[in-house]
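Chemist: One file is attached below, my_file02.cif, containing mmCIF, C-alpha atoms.
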```cif
data_target
#
loop_
_atom_site.label_atom_id
_atom_site.label_comp_id
_atom_site.auth_asym_id
_atom_site.auth_seq_id
_atom_site.Cartn_x
_atom_site.Cartn_y
_atom_site.Cartn_z
CA MET A 1 -1.51 0.61 -0.87
CA PHE A 2 -0.39 1.12 2.72
CA LEU A 3 -2.63 -0.14 5.54
CA ARG A 4 -2.29 -0.35 9.32
CA PRO A 5 -4.97 -0.76 11.98
CA GLU A 6 -4.57 1.78 14.76
CA GLY A 7 -2.97 0.24 17.83
CA GLN A 8 -0.97 -2.20 15.71
CA GLU A 9 2.70 -1.66 14.88
CA ALA A 10 2.73 -3.95 11.85
CA TYR A 11 1.71 -2.41 8.56
CA PHE A 12 1.30 -3.57 4.98
CA GLU A 13 2.55 -2.35 1.64
CA LEU A 14 0.62 -3.94 -1.21
CA GLN A 15 1.66 -3.08 -4.74
CA VAL A 16 0.02 -3.73 -8.10
CA ALA A 17 1.69 -3.02 -11.47
CA PRO A 18 -0.07 -2.35 -14.79
CA ASN A 19 0.54 -6.00 -15.78
CA ASN A 20 -1.24 -7.06 -12.54
CA HIS A 21 2.01 -8.24 -10.95
CA ARG A 22 1.69 -7.94 -7.16
CA LEU A 23 4.18 -7.36 -4.37
CA GLN A 24 2.97 -8.10 -0.83
CA LEU A 25 4.94 -6.83 2.14
CA ARG A 26 4.34 -6.82 5.89
CA TYR A 27 6.64 -4.73 8.05
CA ALA A 28 6.51 -5.75 11.72
CA ASN A 29 7.26 -2.13 12.66
CA SER A 30 9.19 0.89 11.42
CA ALA A 31 12.47 -0.73 12.55
CA ALA A 32 11.79 -3.58 10.08
CA LEU A 33 11.61 -1.01 7.27
CA ASP A 34 14.88 0.54 8.44
CA ARG A 35 16.56 -2.91 8.39
CA ALA A 36 15.25 -3.59 4.87
CA ARG A 37 16.66 -0.27 3.67
CA LYS A 38 20.04 -0.88 5.34
CA THR A 39 20.42 -4.42 4.01
CA GLY A 40 18.82 -3.76 0.62
CA SER A 41 16.58 -6.79 1.13
CA ILE A 42 12.82 -7.08 1.62
CA ALA A 43 12.99 -10.84 2.14
CA ASP A 44 11.88 -10.61 5.79
CA ALA A 45 8.81 -8.55 4.81
CA LEU A 46 7.63 -10.65 1.84
CA ILE A 47 4.23 -12.29 2.19
CA PRO A 48 4.18 -15.57 0.22
CA GLY A 49 1.34 -16.71 -2.01
CA ASP A 50 -1.66 -14.66 -3.06
CA ALA A 51 -2.47 -12.53 -0.03
CA PHE A 52 -4.94 -10.38 -1.97
CA ARG A 53 -6.63 -10.31 -5.35
CA SER A 54 -6.43 -7.64 -8.00
CA LYS A 55 -7.67 -6.93 -11.48
CA VAL A 56 -6.12 -4.38 -13.81
CA TRP A 57 -7.47 -2.79 -16.96
CA ILE A 58 -5.81 -0.33 -19.28
CA GLU A 59 -7.75 2.47 -20.92
CA ASP A 60 -5.80 3.29 -24.07
CA HIS A 61 -8.01 6.21 -24.99
CA GLY A 62 -7.23 7.96 -21.72
CA SER A 63 -3.63 6.76 -21.42
CA ARG A 64 -4.30 5.41 -17.96
CA TRP A 65 -4.73 2.18 -16.09
CA CYS A 66 -6.98 1.20 -13.21
CA VAL A 67 -6.83 -1.44 -10.52
CA LEU A 68 -9.45 -3.12 -8.36
CA ALA A 69 -7.98 -4.75 -5.26
CA GLU A 70 -9.74 -7.09 -2.84
CA ILE A 71 -7.82 -7.23 0.43
CA PRO A 72 -8.99 -9.66 3.13
CA ALA A 73 -9.43 -7.77 6.40
CA ASP A 74 -7.96 -10.68 8.36
CA LEU A 75 -4.70 -10.25 6.43
CA ILE A 76 -4.35 -6.74 7.84
CA CYS A 77 -5.91 -7.28 11.28
CA GLY A 78 -4.66 -10.78 11.92
CA LEU A 79 -8.11 -11.99 12.95
CA ARG A 80 -11.48 -12.72 11.43
CA GLY A 81 -14.55 -10.79 12.45
CA ALA A 82 -16.54 -7.66 11.96
CA LEU A 83 -14.65 -4.48 11.17
CA ALA A 84 -17.32 -2.19 12.62
CA GLY A 85 -15.74 0.28 15.01
CA SER A 86 -12.17 -0.37 13.90
CA ILE A 87 -9.94 2.41 12.65
CA TRP A 88 -7.14 1.98 10.14
CA ARG A 89 -4.48 4.28 8.81
CA TYR A 90 -4.10 4.24 5.01
CA SER A 91 -2.32 5.75 2.07
CA PHE A 92 -2.77 4.99 -1.61
CA SER A 93 0.28 6.06 -3.56
CA ARG A 94 2.14 5.52 -6.79
CA TYR A 95 5.23 6.29 -8.77
CA ASP A 96 4.53 6.87 -12.46
CA TYR A 97 7.66 6.07 -14.43
CA THR A 98 7.16 7.37 -17.97
CA ARG A 99 9.53 6.52 -20.79
CA GLY A 100 11.71 9.44 -21.75
CA GLN A 101 11.25 11.25 -18.43
CA ASP A 102 14.11 11.63 -15.97
CA LYS A 103 11.99 11.52 -12.82
CA PRO A 104 8.75 9.76 -11.91
CA VAL A 105 5.53 11.57 -11.15
CA ILE A 106 4.71 10.87 -7.51
CA SER A 107 1.05 10.74 -6.43
CA SER A 108 -0.55 9.96 -3.09
CA THR A 109 -3.75 10.36 -1.11
CA SER A 110 -1.49 11.57 1.70
CA LEU A 111 0.10 15.01 1.87
CA HIS A 112 3.66 13.81 2.42
CA ALA A 113 6.17 16.44 3.49
CA GLU A 114 8.83 14.47 1.59
CA ALA A 115 8.86 11.72 -1.02
CA ASN A 116 8.49 8.83 1.42
CA PHE A 117 5.24 6.89 1.32
CA HIS A 118 6.10 5.16 4.62
CA ARG A 119 5.58 8.37 6.64
CA GLN A 120 2.61 7.11 8.62
CA GLN A 121 2.03 10.38 10.46
CA GLU A 122 0.70 11.73 7.14
CA TRP A 123 -1.55 8.80 6.25
CA GLY A 124 -5.32 9.17 6.22
CA ARG A 125 -7.74 7.76 8.77
CA LEU A 126 -10.33 5.15 7.77
CA GLU A 127 -13.16 4.35 10.20
CA PHE A 128 -15.35 1.30 9.64
CA ARG A 129 -18.92 1.94 10.74
CA ARG A 130 -21.89 -0.35 11.28
#
```
Write out the structure in this file as structure tokens.

Modeler:
Amino acid sequence: MFLRPEGQEAYFELQVAPNNHRLQLRYANSAALDRARKTGSIADALIPGDAFRSKVWIEDHGSRWCVLAEIPADLICGLRGALAGSIWRYSFSRYDYTRGQDKPVISSTSLHAEANFHRQQEWGRLEFRR
């Protein structure tokens, strides 16, 4: 899950695996992502603790898994208060690594021109109304 309020450079990458293991990252800006890629380390972007909650369930009959995530708005916005009138950019994406397959299946709510979920110009727009 990628989230960024409009007008804010910092954005979040929140991951959940089928075993409900979470990875919580905050990139101060796109340069922070570039540094992480160059150094091979996400240490500067890691958010400690339990920044959000998630629950996972696996549906064996459909060979799929689902996740419910509860993300505190103040984590993303940096302040508490009503969201009405705010606009966020978002993308919900996944890599599906299947045993025996050479390449993952890549899925996203965004129409990415290339396989790079961090391409914010292709993220959707989410408007919170009253």

Chemist: The PyMOL selection byres ((chain A and resi 59-66) around 12) on the file shown: which residues, as a list in words?

Modeler: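 Selected by the PyMOL selection byres ((chain A and resi 59-66) around 12) in this file: Val16, Ala17, Pro18, Asn19, Asn20, Ser54, Lys55, Val56, Trp57, Ile58, Val67, Leu68, Ala69, Arg94, Asp96 and Thr98 of chain A.
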
Chemist: Okay, now the selection with C-alpha atoms, as a PDB file, in the frame of the given file?

Modeler:
```
ATOM      1  CA  VAL A  16       0.020  -3.730  -8.100  1.00  0.00           C
ATOM      2  CA  ALA A  17       1.690  -3.020 -11.470  1.00  0.00           C
ATOM      3  CA  PRO A  18      -0.070  -2.350 -14.790  1.00  0.00           C
ATOM      4  CA  ASN A  19       0.540  -6.000 -15.780  1.00  0.00           C
ATOM      5  CA  ASN A  20      -1.240  -7.060 -12.540  1.00  0.00           C
ATOM      6  CA  SER A  54      -6.430  -7.640  -8.000  1.00  0.00           C
ATOM      7  CA  LYS A  55      -7.670  -6.930 -11.480  1.00  0.00           C
ATOM      8  CA  VAL A  56      -6.120  -4.380 -13.810  1.00  0.00           C
ATOM      9  CA  TRP A  57      -7.470  -2.790 -16.960  1.00  0.00           C
ATOM     10  CA  ILE A  58      -5.810  -0.330 -19.280  1.00  0.00           C
ATOM     11  CA  VAL A  67      -6.830  -1.440 -10.520  1.00  0.00           C
ATOM     12  CA  LEU A  68      -9.450  -3.120  -8.360  1.00  0.00           C
ATOM     13  CA  ALA A  69      -7.980  -4.750  -5.260  1.00  0.00           C
ATOM     14  CA  ARG A  94       2.140   5.520  -6.790  1.00  0.00           C
ATOM     15  CA  ASP A  96       4.530   6.870 -12.460  1.00  0.00           C
ATOM     16  CA  THR A  98       7.160   7.370 -17.970  1.00  0.00           C
TER      17      THR A  98
END
```

Chemist: Tell me which of A:Glu127, A:Glu122, A:Glu114, A:Asp102 sits closest to Phe2 (chain A), counting all atoms listed in the file.

Modeler: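 With all atoms listed in the file as the atom set, the closest residue is A:Glu122.
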
Chemist: Could you jot down the CA of Asp44 (chain A) to CA of Tyr11 (chain A) separation for me, Å, one decimal place?

Modeler: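 Going from CA of Asp44 (chain A) over to CA of Tyr11 (chain A) covers 13.4 Å.
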
Chemist: Could you expand the PyMOL selection byres ((chain A and resi 24-38) around 6) into the explicit residues it covers here, written as a PyMOL selection string?

Modeler: chain A and resi 9-14+23+39-42+45-47

Chemist: Please return as a PyMOL selection string every residue within 12 Å of (2.4, 9.5, 11.5), taking into account all atoms listed in the file and the file's own coordinates.

Modeler: chain A and resi 4+6+9+30+89-91+110-113+116-125

Chemist: Quick one: write out the picked residues with C-alpha atoms as a short mmCIF file (atom, residue, chain, number, x, y, z; two decimals), in the frame of the given file?

Modeler:
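Result written to again36.cif:
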```
data_model
loop_
_atom_site.label_atom_id
_atom_site.label_comp_id
_atom_site.auth_asym_id
_atom_site.auth_seq_id
_atom_site.Cartn_x
_atom_site.Cartn_y
_atom_site.Cartn_z
CA ARG A 4 -2.29 -0.35 9.32
CA GLU A 6 -4.57 1.78 14.76
CA GLU A 9 2.70 -1.66 14.88
CA SER A 30 9.19 0.89 11.42
CA ARG A 89 -4.48 4.28 8.81
CA TYR A 90 -4.10 4.24 5.01
CA SER A 91 -2.32 5.75 2.07
CA SER A 110 -1.49 11.57 1.70
CA LEU A 111 0.10 15.01 1.87
CA HIS A 112 3.66 13.81 2.42
CA ALA A 113 6.17 16.44 3.49
CA ASN A 116 8.49 8.83 1.42
CA PHE A 117 5.24 6.89 1.32
CA HIS A 118 6.10 5.16 4.62
CA ARG A 119 5.58 8.37 6.64
CA GLN A 120 2.61 7.11 8.62
CA GLN A 121 2.03 10.38 10.46
CA GLU A 122 0.70 11.73 7.14
CA TRP A 123 -1.55 8.80 6.25
CA GLY A 124 -5.32 9.17 6.22
CA ARG A 125 -7.74 7.76 8.77
#
```

Chemist: Between CA of Glu70 (chain A) and CA of Phe52 (chain A), what is the spacing in Å?

Modeler: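 CA of Glu70 (chain A) lies at a distance of 5.9 Å from CA of Phe52 (chain A).
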
Chemist: Evaluating the PyMOL selection byres ((chain A and resi 108) around 6) on the displayed file yields which residues, as a tab-separated table (two decimals) with C-alpha atoms, keeping the file's coordinate frame?

Modeler:
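Listing of expr01.tsv after writing:
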```tsv
chain	number	residue	atom	x	y	z
A	92	PHE	CA	-2.77	4.99	-1.61
A	93	SER	CA	0.28	6.06	-3.56
A	107	SER	CA	1.05	10.74	-6.43
A	109	THR	CA	-3.75	10.36	-1.11
A	110	SER	CA	-1.49	11.57	1.70
```

Chemist: Calculate how many Å separate CA of Val105 (chain A) from CA of Ile71 (chain A), rounding to one decimal.

Modeler: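 Taking CA of Val105 (chain A) and CA of Ile71 (chain A), their separation equals 25.8 Å.
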